[in-house]
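**Q** So that you have it, the file is entry-v3.cif, and it contains mmCIF, C-alpha atoms:
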```cif
data_structure
loop_
_atom_site.label_atom_id
_atom_site.label_comp_id
_atom_site.auth_asym_id
_atom_site.auth_seq_id
_atom_site.Cartn_x
_atom_site.Cartn_y
_atom_site.Cartn_z
CA MET K 1054 0.10 -37.20 131.09
CA ALA K 1055 1.32 -40.71 130.14
CA ARG K 1056 4.55 -41.83 131.83
CA TRP K 1057 6.75 -44.67 130.60
CA LEU K 1058 8.09 -46.74 133.50
CA LYS K 1059 9.76 -48.99 130.92
CA LYS K 1060 10.54 -48.36 127.24
CA SER K 1061 11.49 -50.63 124.34
CA ILE K 1062 14.64 -50.33 122.27
CA ALA K 1063 15.00 -47.41 119.87
CA LEU K 1064 13.00 -47.38 116.64
CA ALA K 1065 16.23 -47.00 114.65
CA ASP K 1066 17.45 -50.38 115.94
CA LYS K 1067 14.23 -52.01 114.76
CA GLU K 1068 14.49 -50.41 111.32
CA ASP K 1069 18.11 -51.53 110.90
CA ALA K 1070 17.00 -55.12 111.48
CA ASP K 1071 14.24 -54.75 108.86
CA VAL K 1072 16.74 -53.50 106.25
CA LYS K 1073 18.97 -56.54 106.73
CA VAL K 1074 16.05 -58.92 106.31
CA ARG K 1075 14.88 -57.11 103.18
CA GLY K 1076 18.16 -57.63 101.34
CA VAL K 1077 18.41 -61.32 102.20
CA VAL K 1078 14.85 -62.04 101.07
CA GLU K 1079 15.24 -60.15 97.80
CA SER K 1080 18.17 -62.32 96.76
CA LEU K 1081 16.40 -65.55 97.76
CA LEU K 1082 13.29 -64.70 95.77
CA ALA K 1083 15.39 -63.86 92.71
CA ASP K 1084 17.08 -67.24 92.99
CA VAL K 1085 13.76 -69.10 93.02
CA LYS K 1086 12.54 -67.08 90.02
CA ALA K 1087 15.68 -68.06 88.12
CA ARG K 1088 16.14 -71.69 89.14
CA GLY K 1089 12.83 -72.96 90.52
CA ASP K 1090 12.89 -76.35 92.24
CA GLU K 1091 16.67 -76.48 92.35
CA ALA K 1092 16.87 -73.26 94.35
CA VAL K 1093 14.02 -74.32 96.66
CA ARG K 1094 15.75 -77.60 97.43
CA GLU K 1095 19.08 -75.91 98.16
CA MET K 1096 17.41 -73.44 100.52
CA SER K 1097 15.53 -76.20 102.32
CA ILE K 1098 18.79 -78.07 102.91
CA ARG K 1099 20.59 -74.88 103.95
CA PHE K 1100 17.98 -73.43 106.31
CA ASP K 1101 16.03 -76.47 107.55
CA LYS K 1102 18.48 -79.33 106.88
CA TRP K 1103 15.59 -80.95 105.05
CA ASP K 1104 16.06 -82.68 101.71
CA ARG K 1105 13.45 -84.33 99.51
CA THR K 1106 13.05 -84.72 95.79
CA ASP K 1107 9.34 -83.92 96.19
CA TYR K 1108 8.14 -81.81 99.12
CA ARG K 1109 4.50 -82.75 98.63
CA LEU K 1110 3.36 -85.23 101.27
CA THR K 1111 1.81 -88.44 100.00
CA ASP K 1112 -1.53 -89.77 101.22
CA LYS K 1113 0.36 -92.43 103.19
CA GLU K 1114 2.55 -89.84 104.89
CA ILE K 1115 -0.55 -87.87 105.86
CA ARG K 1116 -2.23 -90.99 107.28
CA ASP K 1117 0.94 -91.86 109.18
CA CYS K 1118 0.97 -88.40 110.78
CA LEU K 1119 -2.64 -88.74 111.87
CA ALA K 1120 -1.87 -92.16 113.33
CA GLN K 1121 0.77 -90.60 115.61
CA LEU K 1122 -1.84 -88.48 117.38
CA SER K 1123 -4.16 -89.70 120.12
CA ALA K 1124 -7.92 -89.74 119.75
CA ARG K 1125 -8.05 -86.79 122.19
CA ASP K 1126 -5.56 -84.84 120.04
CA ILE K 1127 -7.73 -85.36 116.96
CA GLU K 1128 -10.87 -84.45 118.90
CA ASP K 1129 -9.26 -81.24 120.17
CA ILE K 1130 -8.14 -80.20 116.67
CA LYS K 1131 -11.62 -80.86 115.32
CA PHE K 1132 -13.18 -78.83 118.15
CA ALA K 1133 -10.96 -75.82 117.43
CA GLN K 1134 -11.64 -76.05 113.70
CA ALA K 1135 -15.37 -76.28 114.32
CA GLN K 1136 -15.24 -72.98 116.24
CA VAL K 1137 -13.28 -71.25 113.47
CA ARG K 1138 -15.57 -72.70 110.81
CA ASN K 1139 -18.72 -71.66 112.65
CA PHE K 1140 -17.65 -68.03 113.08
CA ALA K 1141 -16.30 -67.84 109.51
CA GLN K 1142 -19.61 -69.17 108.20
CA HIS K 1143 -21.51 -66.46 110.08
CA GLN K 1144 -19.17 -63.90 108.52
CA ARG K 1145 -19.71 -65.39 105.06
CA ASP K 1146 -23.48 -65.33 105.53
CA ALA K 1147 -23.27 -61.61 106.29
CA LEU K 1148 -21.73 -60.92 102.85
CA LYS K 1149 -24.52 -60.68 100.31
CA ASP K 1150 -24.52 -60.37 96.55
CA ILE K 1151 -26.63 -57.39 95.56
CA GLU K 1152 -28.51 -56.20 92.49
CA VAL K 1153 -30.45 -52.92 92.44
CA GLU K 1154 -32.22 -50.74 89.87
CA THR K 1155 -30.59 -47.37 90.57
CA LEU K 1156 -32.43 -45.53 87.78
CA PRO K 1157 -35.27 -46.70 85.54
CA GLY K 1158 -33.73 -49.34 83.30
CA VAL K 1159 -30.27 -49.22 84.97
CA ILE K 1160 -29.26 -52.32 86.92
CA LEU K 1161 -26.11 -52.37 89.09
CA GLY K 1162 -24.85 -55.22 91.22
CA HIS K 1163 -21.94 -56.99 92.80
CA LYS K 1164 -20.97 -60.58 93.37
CA ASN K 1165 -18.64 -61.95 96.05
CA ILE K 1166 -16.37 -64.35 94.18
CA PRO K 1167 -13.75 -66.55 95.92
CA VAL K 1168 -10.19 -66.39 94.64
CA ASN K 1169 -9.24 -69.51 92.70
CA SER K 1170 -6.20 -70.65 94.67
CA VAL K 1171 -4.56 -69.87 98.00
CA GLY K 1172 -1.26 -70.84 99.58
CA CYS K 1173 -1.36 -71.05 103.38
CA TYR K 1174 1.85 -70.88 105.40
CA VAL K 1175 1.83 -72.61 108.79
CA PRO K 1176 4.82 -71.71 111.00
CA GLY K 1177 6.52 -74.59 112.74
CA GLY K 1178 10.24 -73.98 113.14
CA LYS K 1179 10.32 -73.34 116.91
CA TYR K 1180 6.84 -74.63 117.81
CA PRO K 1181 4.41 -76.68 115.68
CA LEU K 1182 1.78 -73.92 115.37
CA LEU K 1183 -1.08 -76.06 114.09
CA ALA K 1184 -3.61 -73.32 114.98
CA SER K 1185 -2.49 -71.37 111.91
CA ALA K 1186 -3.85 -74.17 109.74
CA HIS K 1187 -7.30 -73.68 111.26
CA MET K 1188 -7.22 -69.95 110.71
CA SER K 1189 -6.14 -70.01 107.08
CA VAL K 1190 -7.34 -73.26 105.52
CA VAL K 1191 -10.72 -73.51 107.25
CA THR K 1192 -11.52 -69.86 106.54
CA ALA K 1193 -10.51 -70.14 102.88
CA LYS K 1194 -12.68 -73.21 102.43
CA VAL K 1195 -15.68 -71.50 104.05
CA ALA K 1196 -15.16 -68.66 101.56
CA GLY K 1197 -15.36 -71.22 98.74
CA VAL K 1198 -11.74 -71.27 97.55
CA PRO K 1199 -11.48 -74.37 95.30
CA PHE K 1200 -7.72 -75.01 95.67
CA VAL K 1201 -5.80 -74.57 98.92
CA ALA K 1202 -2.15 -75.56 99.27
CA THR K 1203 -0.30 -75.50 102.57
CA CYS K 1204 3.36 -75.30 103.52
CA ALA K 1205 4.89 -75.94 106.94
CA PRO K 1206 8.54 -76.50 107.80
CA PRO K 1207 9.77 -79.80 109.19
CA PHE K 1208 9.84 -80.07 112.96
CA GLU K 1209 12.74 -81.98 114.50
CA GLY K 1210 13.70 -83.43 111.14
CA LYS K 1211 10.32 -84.62 109.90
CA PRO K 1212 6.84 -83.34 109.06
CA ALA K 1213 5.14 -82.22 112.28
CA PRO K 1214 2.30 -84.72 112.85
CA ALA K 1215 -0.01 -82.23 114.56
CA ILE K 1216 0.42 -79.62 111.83
CA VAL K 1217 -0.13 -82.19 109.07
CA ALA K 1218 -3.25 -83.44 110.84
CA ALA K 1219 -4.58 -79.91 111.21
CA GLN K 1220 -3.90 -79.09 107.55
CA HIS K 1221 -5.59 -82.29 106.40
CA LEU K 1222 -8.62 -82.01 108.68
CA ALA K 1223 -9.04 -78.35 107.69
CA GLY K 1224 -9.43 -79.40 104.05
CA ALA K 1225 -6.09 -78.61 102.40
CA ASP K 1226 -5.92 -79.95 98.84
CA VAL K 1227 -2.11 -80.23 98.79
CA ILE K 1228 0.28 -80.35 101.76
CA TYR K 1229 3.98 -79.55 101.41
CA ALA K 1230 6.64 -80.12 104.08
CA LEU K 1231 8.52 -76.96 103.23
CA GLY K 1232 9.34 -73.89 105.29
CA GLY K 1233 10.70 -70.36 105.24
CA VAL K 1234 11.23 -68.04 102.31
CA GLN K 1235 11.58 -71.04 100.01
CA ALA K 1236 7.99 -72.07 100.78
CA ILE K 1237 6.60 -68.58 100.19
CA ALA K 1238 8.62 -68.23 96.98
CA ALA K 1239 7.54 -71.63 95.67
CA MET K 1240 3.85 -70.94 96.22
CA GLY K 1241 3.98 -67.29 95.16
CA ILE K 1242 6.19 -67.66 92.08
CA GLY K 1243 5.69 -71.31 91.18
CA THR K 1244 8.30 -73.91 90.28
CA GLN K 1245 8.49 -76.95 88.06
CA SER K 1246 6.75 -79.06 90.74
CA ILE K 1247 4.84 -76.54 92.86
CA ARG K 1248 1.83 -74.71 91.46
CA ALA K 1249 1.74 -70.93 91.83
CA VAL K 1250 -1.26 -69.61 93.72
CA ASP K 1251 -3.24 -66.38 93.49
CA MET K 1252 -2.97 -65.43 97.17
CA LEU K 1253 -0.62 -66.08 100.10
CA VAL K 1254 -1.78 -66.05 103.72
CA GLY K 1255 -0.52 -67.00 107.16
CA PRO K 1256 1.95 -65.72 109.75
CA GLY K 1257 5.66 -66.42 109.91
CA ASN K 1258 9.00 -65.04 111.01
CA ALA K 1259 10.51 -61.80 109.72
CA TYR K 1260 11.83 -63.48 106.56
CA VAL K 1261 8.49 -65.07 105.72
CA ALA K 1262 6.68 -61.77 106.29
CA GLU K 1263 9.17 -59.91 104.11
CA ALA K 1264 8.86 -62.50 101.34
CA LYS K 1265 5.10 -61.99 101.30
CA ARG K 1266 5.61 -58.22 101.24
CA GLN K 1267 7.94 -58.40 98.25
CA LEU K 1268 5.61 -60.74 96.35
CA TYR K 1269 2.55 -58.56 96.97
CA GLY K 1270 1.23 -57.43 93.62
CA ARG K 1271 2.35 -60.58 91.89
CA VAL K 1272 -0.04 -62.33 94.29
CA GLY K 1273 -2.50 -61.11 96.88
CA ILE K 1274 -1.69 -61.44 100.57
CA ASP K 1275 -3.70 -61.33 103.76
CA LEU K 1276 -1.74 -58.49 105.39
CA PHE K 1277 1.74 -57.24 106.20
CA ALA K 1278 2.57 -59.10 109.39
CA GLY K 1279 5.38 -58.53 111.86
CA PRO K 1280 6.21 -60.07 115.23
CA THR K 1281 3.33 -60.85 117.59
CA GLU K 1282 2.22 -57.83 119.63
CA THR K 1283 0.17 -57.67 122.79
CA LEU K 1284 -1.22 -54.73 124.71
CA VAL K 1285 -2.74 -55.25 128.15
CA ILE K 1286 -5.03 -52.42 129.25
CA ALA K 1287 -5.75 -52.83 132.95
CA ASP K 1288 -6.82 -51.03 136.10
CA ASP K 1289 -6.86 -52.03 139.75
CA THR K 1290 -9.73 -54.48 139.23
CA VAL K 1291 -7.05 -57.08 138.35
CA ASP K 1292 -3.68 -57.95 139.83
CA GLY K 1293 -0.09 -58.02 138.68
CA GLU K 1294 0.03 -61.79 138.28
CA MET K 1295 -2.82 -61.76 135.75
CA CYS K 1296 -1.23 -58.92 133.77
CA ALA K 1297 2.25 -60.46 133.86
CA THR K 1298 0.92 -63.84 132.71
CA ASP K 1299 -0.88 -62.30 129.75
CA LEU K 1300 2.17 -60.25 128.75
CA LEU K 1301 4.68 -63.12 128.94
CA GLY K 1302 2.22 -65.54 127.35
CA GLN K 1303 2.61 -63.59 124.11
CA ALA K 1304 6.24 -62.51 124.58
CA GLU K 1305 7.25 -66.18 124.24
CA HIS K 1306 6.37 -65.99 120.52
CA GLY K 1307 9.78 -64.51 119.74
CA PRO K 1308 12.59 -62.31 121.02
CA ASN K 1309 11.21 -59.27 119.16
CA SER K 1310 7.57 -59.56 120.25
CA PRO K 1311 6.34 -56.31 121.88
CA ALA K 1312 4.40 -56.71 125.13
CA ILE K 1313 2.98 -53.53 126.65
CA LEU K 1314 1.11 -52.78 129.87
CA LEU K 1315 -1.11 -49.69 129.78
CA THR K 1316 -2.68 -48.76 133.11
CA ASN K 1317 -3.96 -45.91 135.24
CA SER K 1318 -2.60 -47.57 138.40
CA GLU K 1319 1.07 -47.14 139.25
CA LYS K 1320 0.63 -49.75 141.97
CA LEU K 1321 -0.52 -52.29 139.35
CA ALA K 1322 2.35 -51.29 137.06
CA GLN K 1323 4.95 -51.92 139.77
CA SER K 1324 3.28 -55.16 140.83
CA THR K 1325 3.18 -56.41 137.23
CA MET K 1326 6.89 -55.75 136.70
CA MET K 1327 7.70 -57.64 139.91
CA GLU K 1328 5.51 -60.57 138.83
CA ILE K 1329 7.19 -60.66 135.44
CA GLU K 1330 10.59 -61.06 137.08
CA ARG K 1331 9.20 -63.83 139.28
CA LEU K 1332 7.55 -65.69 136.40
CA LEU K 1333 10.66 -65.44 134.22
CA LYS K 1334 12.46 -67.59 136.78
CA ILE K 1335 10.04 -70.47 136.33
CA LEU K 1336 8.61 -70.11 132.80
CA PRO K 1337 10.01 -72.86 130.52
CA THR K 1338 10.07 -70.43 127.58
CA ALA K 1339 11.78 -67.70 129.61
CA GLY K 1340 14.81 -67.70 127.32
CA ILE K 1341 12.72 -66.12 124.57
CA ALA K 1342 10.18 -64.24 126.69
CA ALA K 1343 12.86 -62.55 128.81
CA GLN K 1344 14.64 -61.19 125.76
CA ALA K 1345 11.37 -59.93 124.27
CA TRP K 1346 10.45 -58.25 127.56
CA ARG K 1347 13.91 -56.72 127.96
CA ASP K 1348 14.08 -55.25 124.45
CA TYR K 1349 10.44 -54.69 123.49
CA GLY K 1350 8.46 -54.59 126.74
CA GLU K 1351 6.87 -51.34 127.88
CA VAL K 1352 4.94 -50.14 130.93
CA ILE K 1353 2.87 -46.98 130.56
CA VAL K 1354 0.95 -45.25 133.35
CA CYS K 1355 -1.82 -42.81 132.43
CA ASP K 1356 -3.79 -40.36 134.52
CA SER K 1357 -7.23 -41.39 133.25
CA VAL K 1358 -9.21 -43.94 131.27
CA GLU K 1359 -9.61 -41.38 128.49
CA GLU K 1360 -5.84 -41.00 128.24
CA MET K 1361 -5.46 -44.78 128.18
CA LEU K 1362 -7.82 -44.89 125.20
CA LYS K 1363 -5.82 -42.22 123.38
CA VAL K 1364 -2.49 -44.00 123.95
CA ALA K 1365 -3.99 -47.39 123.02
CA ASP K 1366 -5.20 -46.04 119.67
CA GLU K 1367 -1.74 -44.57 119.01
CA ILE K 1368 -0.12 -47.96 119.74
CA ALA K 1369 -2.62 -49.75 117.42
CA SER K 1370 -1.62 -53.16 118.76
CA GLU K 1371 -2.35 -56.53 117.19
CA HIS K 1372 -3.86 -58.02 120.37
CA VAL K 1373 -5.52 -55.88 123.05
CA GLN K 1374 -6.46 -57.50 126.35
CA VAL K 1375 -8.83 -55.21 128.28
CA MET K 1376 -9.19 -55.85 131.99
CA THR K 1377 -10.86 -52.79 133.45
CA SER K 1378 -14.03 -52.01 135.38
CA ASP K 1379 -15.72 -51.08 132.08
CA PRO K 1380 -14.16 -52.99 129.16
CA ASP K 1381 -17.07 -51.98 126.91
CA TYR K 1382 -15.75 -48.41 127.03
CA PHE K 1383 -12.84 -49.58 124.87
CA LEU K 1384 -15.08 -51.73 122.65
CA ASN K 1385 -17.30 -48.72 121.95
CA ASN K 1386 -14.56 -46.12 121.57
CA MET K 1387 -11.29 -47.74 120.49
CA THR K 1388 -10.65 -47.68 116.73
CA ASN K 1389 -7.15 -49.09 116.14
CA TYR K 1390 -6.65 -52.75 117.09
CA GLY K 1391 -6.39 -56.19 115.54
CA ALA K 1392 -8.61 -57.99 118.05
CA LEU K 1393 -10.05 -57.11 121.44
CA PHE K 1394 -10.20 -59.54 124.37
CA LEU K 1395 -12.69 -58.09 126.81
CA GLY K 1396 -12.54 -58.89 130.50
CA PRO K 1397 -10.33 -61.21 132.57
CA ARG K 1398 -12.27 -64.35 131.66
CA THR K 1399 -10.92 -64.31 128.10
CA ASN K 1400 -7.38 -63.81 126.85
CA VAL K 1401 -5.24 -63.70 123.71
CA SER K 1402 -4.40 -67.39 123.94
CA PHE K 1403 -8.10 -68.26 123.52
CA GLY K 1404 -8.11 -66.27 120.29
CA ASP K 1405 -4.81 -67.73 119.16
CA LYS K 1406 -5.89 -71.33 119.50
CA VAL K 1407 -9.52 -72.18 119.84
CA ILE K 1408 -12.33 -69.69 120.49
CA GLY K 1409 -13.12 -69.11 116.80
CA THR K 1410 -11.98 -65.60 115.85
CA ASN K 1411 -9.06 -65.50 113.44
CA HIS K 1412 -5.57 -65.08 114.90
CA THR K 1413 -3.88 -63.67 111.79
CA LEU K 1414 -3.99 -59.98 112.66
CA PRO K 1415 -2.38 -56.65 111.69
CA THR K 1416 0.89 -55.62 113.35
CA LYS K 1417 3.26 -52.63 113.16
CA LYS K 1418 0.36 -50.16 113.43
CA ALA K 1419 -1.41 -51.61 110.38
CA ALA K 1420 -4.53 -51.80 112.56
CA ARG K 1421 -4.95 -48.12 111.67
CA TYR K 1422 -6.20 -49.16 108.22
CA THR K 1423 -7.02 -52.87 108.16
CA GLY K 1424 -8.49 -55.68 110.19
CA GLY K 1425 -7.16 -59.21 110.28
CA LEU K 1426 -7.68 -62.31 108.16
CA TRP K 1427 -11.33 -63.27 107.77
CA VAL K 1428 -13.53 -64.95 105.24
CA GLY K 1429 -13.94 -61.70 103.29
CA LYS K 1430 -10.19 -61.57 102.52
CA PHE K 1431 -10.65 -64.58 100.24
CA LEU K 1432 -13.49 -62.96 98.31
CA LYS K 1433 -13.37 -60.46 95.46
CA THR K 1434 -16.35 -58.11 95.42
CA CYS K 1435 -16.83 -57.64 91.69
CA THR K 1436 -19.36 -55.25 90.19
CA TYR K 1437 -21.47 -55.51 87.04
CA GLN K 1438 -23.98 -53.33 85.22
CA ARG K 1439 -26.86 -53.87 82.83
CA VAL K 1440 -28.92 -51.26 80.92
CA LEU K 1441 -32.35 -52.56 80.01
CA THR K 1442 -33.96 -49.83 77.91
CA ASP K 1443 -33.10 -47.57 74.98
CA GLU K 1444 -34.16 -44.56 77.01
CA ALA K 1445 -31.81 -45.40 79.89
CA SER K 1446 -28.85 -46.01 77.58
CA ALA K 1447 -29.36 -42.70 75.76
CA MET K 1448 -29.89 -40.72 78.97
CA ILE K 1449 -26.78 -42.11 80.71
CA GLY K 1450 -24.90 -41.79 77.42
CA ALA K 1451 -25.58 -38.07 77.14
CA TYR K 1452 -24.25 -37.40 80.64
CA CYS K 1453 -21.25 -39.64 80.00
CA SER K 1454 -20.44 -37.94 76.68
CA ARG K 1455 -20.36 -34.46 78.16
CA LEU K 1456 -18.30 -35.58 81.21
CA CYS K 1457 -15.78 -37.37 78.95
CA MET K 1458 -15.25 -34.22 76.89
CA LEU K 1459 -14.60 -32.23 80.09
CA GLU K 1460 -11.63 -34.55 80.57
CA GLY K 1461 -10.58 -34.54 76.94
CA PHE K 1462 -11.33 -38.21 76.36
CA VAL K 1463 -12.84 -38.09 72.88
CA GLY K 1464 -12.79 -41.85 72.36
CA HIS K 1465 -14.58 -42.37 75.65
CA ALA K 1466 -17.17 -39.81 74.56
CA GLU K 1467 -17.75 -41.62 71.26
CA GLN K 1468 -18.51 -44.84 73.18
CA ALA K 1469 -21.37 -42.92 74.74
CA ASN K 1470 -22.34 -40.96 71.60
CA ILE K 1471 -22.92 -44.02 69.43
CA ARG K 1472 -25.46 -45.23 71.95
CA VAL K 1473 -27.16 -41.85 72.14
CA ARG K 1474 -27.47 -41.86 68.31
CA ARG K 1475 -28.70 -45.43 68.12
CA TYR K 1476 -31.02 -45.54 71.13
CA GLY K 1477 -32.01 -41.94 71.82
CA ARG K 1478 -34.22 -39.23 70.47
CA ARG K 1479 -32.68 -36.75 68.05
CA ASN K 1480 -32.90 -33.82 70.46
CA ILE K 1481 -30.77 -35.34 73.24
CA PRO K 1482 -27.70 -33.09 73.67
CA TYR K 1483 -24.31 -34.79 73.70
CA ALA K 1484 -20.74 -33.61 73.16
CA THR K 1485 -18.62 -34.15 70.04
CA ALA K 1486 -14.99 -33.55 69.18
CA ALA K 1487 -15.98 -30.57 67.06
CA GLN K 1488 -17.39 -28.87 70.14
#
```
Represent the supplied structure as structure tokens.

**A**
Amino acid sequence: MARWLKKSIALADKEDADVKVRGVVESLLADVKARGDEAVREMSIRFDKWDRTDYRLTDKEIRDCLAQLSARDIEDIKFAQAQVRNFAQHQRDALKDIEVETLPGVILGHKNIPVNSVGCYVPGGKYPLLASAHMSVVTAKVAGVPFVATCAPPFEGKPAPAIVAAQHLAGADVIYALGGVQAIAAMGIGTQSIRAVDMLVGPGNAYVAEAKRQLYGRVGIDLFAGPTETLVIADDTVDGEMCATDLLGQAEHGPNSPAILLTNSEKLAQSTMMEIERLLKILPTAGIAAQAWRDYGEVIVCDSVEEMLKVADEIASEHVQVMTSDPDYFLNNMTNYGALFLGPRTNVSFGDKVIGTNHTLPTKKAARYTGGLWVGKFLKTCTYQRVLTDEASAMIGAYCSRLCMLEGFVGHAEQANIRVRRYGRRNIPYATAAQ
């Protein structure tokens, strides 16, 4: 039976925090709907101390940002984007348009059509998270999206050069130096100067995530995202230092980022907790990571690998690092996760930054019903039909007519009946209102 050596704060505390965020975001979105650019500018000054008459970066500003980076910086960004582009292209190639004759004279098909416009949010308030530009912009462009706008907050009072470079090199059509709810609202609703898009993607803080949630329906979104989550599944084939490093490496994302160790070795569990305390004394980001570990960290000890699998699927974590004697057991049997990182040679940071899989992943147990951002999220699979012969139209029409009348839809039935009368033989039975 699973035993918790360490638990996170109560669920009620987490839900109280969500309610507060919800109310704030609702009022901010209403303000942007009512006042457009004026509201966006006031919010930017209020939240980011950032004031411009036009938040779109000029070509010169973009060139100036690229000039601030070294040749190695540019090379590294291009390398990471090449990995993301390569994997996204393989995913796109796996999605085929189809057309099939399902009955004589009846043609059905579907086409994978890119959405027309996407707004990509790139977080950058605490850290300039340029990797998010790779994941969203590159993937959208591989999907064939014709217009991609990006928003990222200022960093230390100016556009973050690395983020701007990443957005530009990824292929963004328009780059805005704008952050927070105001950025999501501007792209999702549209203002006098900022074009509304059809879809919003990209991670962000609780307010950004809530803004996307509230705008869903008006626009499409990638997924409902919460704080970064990591689950380390480990046995005694690895040590506490490795586990502690992988837990704290993700806990530094924010003070409410869950980091969980799931193991069948109590010795490893105790060793990992000791290593975490040691590392928190020397980790430069310990101020954030320590709070996340204190409030949201968990250590769970199970009796068997099978029980570890069961608990892991119940947790349904965003990131799952598997370091066991048989990591493929979890690959073959686990069903609820955002992304798996199999074996000690890989880790979540590889996925976050460079290896090529997308780092925008489901959180808050959403892995039970969705995967993460990928090229298919930017595509609409749209069906069509064609009937080639009189015989096929009349035959399908007769079935359709009778089924419509079972439901009481007389008008629907007449759509079928007129085709039976025009294209069919006189003895084909179909339903009428009189029947």

**Q** Would you mind listing what lies within 9 Å of segment 1415-1432 of chain K as a PyMOL selection string, with only C-alpha atoms counted and same-chain residues fewer than 4 positions away left out?

**A** chain K and resi 1141-1142+1144-1145+1148+1165-1168+1171+1188-1189+1192-1198+1252+1254-1255+1274-1282+1366-1372+1388-1392+1410-1411

**Q** If the PyMOL selection byres ((chain K and resi 1309) around 12) is run on the structure shown, which residues does it catch, given as number ranges by chain?

**A** K: 1061-1062, 1066-1067, 1070-1071, 1258-1259, 1279-1283, 1303-1308, 1310-1312, 1341-1350, 1417

**Q** The PyMOL selection byres ((chain K and resi 1233) around 8) on the file shown: which residues, as an MDAnalysis selection string?

**A** chainID K and resid 1100 1206 1231:1232 1234:1237 1257 1260:1261

**Q** Under the rule that only C-alpha atoms are counted, which of K:Ile1115, K:Leu1333, K:Met1387, K:Val1093 is the nearest residue to Ile1242 of chain K?

**A**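 Nearest to Ile1242 of chain K: K:Val1093.
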
**Q** With distances taken over all atoms listed in the file, which residue among K:Glu1460, K:Glu1079, K:Asp1101, K:Asp1379 lies nearest Glu1209 of chain K?

**A**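 Of all the options, K:Asp1101 lies closest to Glu1209 of chain K.
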
**Q** Can you list, as a list in words, every protein, DNA or RNA residue that comes within 7 Å of Val1159 of chain K when you count only C-alpha atoms, leaving out same-chain residues fewer than 2 positions away?

**A**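 My reading of the contact set: Glu1154, Thr1155, Leu1156, Pro1157, Leu1161, Arg1439, Val1440, Leu1441 and Ala1445 of chain K.
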
**Q** Once the PyMOL selection byres ((chain K and resi 1397) around 8) is applied to the coordinates I shared, what remains selected? I want it as a list in words.

**A**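 Checking the PyMOL selection byres ((chain K and resi 1397) around 8) against this file, the residues are Val1291, Val1375, Met1376, Leu1395, Gly1396, Arg1398, Thr1399 and Asn1400 of chain K.
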
**Q** Could you tell me how far atom CA of Ala1223 of chain K sits from atom CA of Phe1200 of chain K, in Å to one decimal place?

**A**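 Distance between the two atoms: 12.5 Å.
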
**Q** Looking at K:His1221, K:His1465, K:Lys1334, K:Arg1478, which one is nearest to Ser1446 of chain K, with distances taken over all atoms listed in the file?

**A**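 Of all the options, K:Arg1478 lies closest to Ser1446 of chain K.
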
**Q** Atom CA of Tyr1476 of chain K and atom CA of Ile1160 of chain K are how many Å apart?

**A**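 For atom CA of Tyr1476 of chain K relative to atom CA of Ile1160 of chain K, the distance reads 17.3 Å.
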
**Q** Looking at K:Ala1365, K:Ala1218, K:Val1272, K:Val1227, which one is nearest to Ala1287 of chain K, with distances taken over all atoms listed in the file?

**A**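 The answer is K:Ala1365, which sits nearest to Ala1287 of chain K.
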
**Q** Could you check the closest approach to Gly1172 of chain K for each of K:Arg1248, K:Arg1331, K:Arg1075, K:Arg1099 and tell me which residue wins, using only C-alpha atoms?

**A** K:Arg1248

**Q** Find the spatial neighbours of Asp1126 of chain K, counting only C-alpha atoms, within a cut-off of 10 Å - ignore same-chain residues fewer than 5 positions away - and output them as a PyMOL selection string.

**A** chain K and resi 1119+1121+1131-1132+1215+1218

**Q** With only C-alpha atoms as the basis for distance, which of K:Phe1403, K:Gly1224, K:Ala1087, K:Lys1164 is at the shortest distance from Val1190 of chain K?

**A** K:Gly1224

**Q** Please, what distance in Å, to one decimal, runs between atom CA of Gly1404 of chain K and atom CA of Pro1380 of chain K?

**A**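 Computing it gives 17.1 Å between the two atoms.
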
**Q** Quick one: everything within 9 Å of Gly1293 of chain K, counting only C-alpha atoms, minus sequence neighbours fewer than 6 positions away in the same chain. Send it as a count of residues only.

**A** 10

**Q** Counting all atoms listed in the file, find residues at most 7 Å from (-3.8, -72.8, 93.3) (file frame) and give them as a list in words.

**A** Asn1169, Ser1170, Val1171, Phe1200, Val1201, Ala1202, Arg1248, Ala1249, Val1250 and Asp1251 of chain K
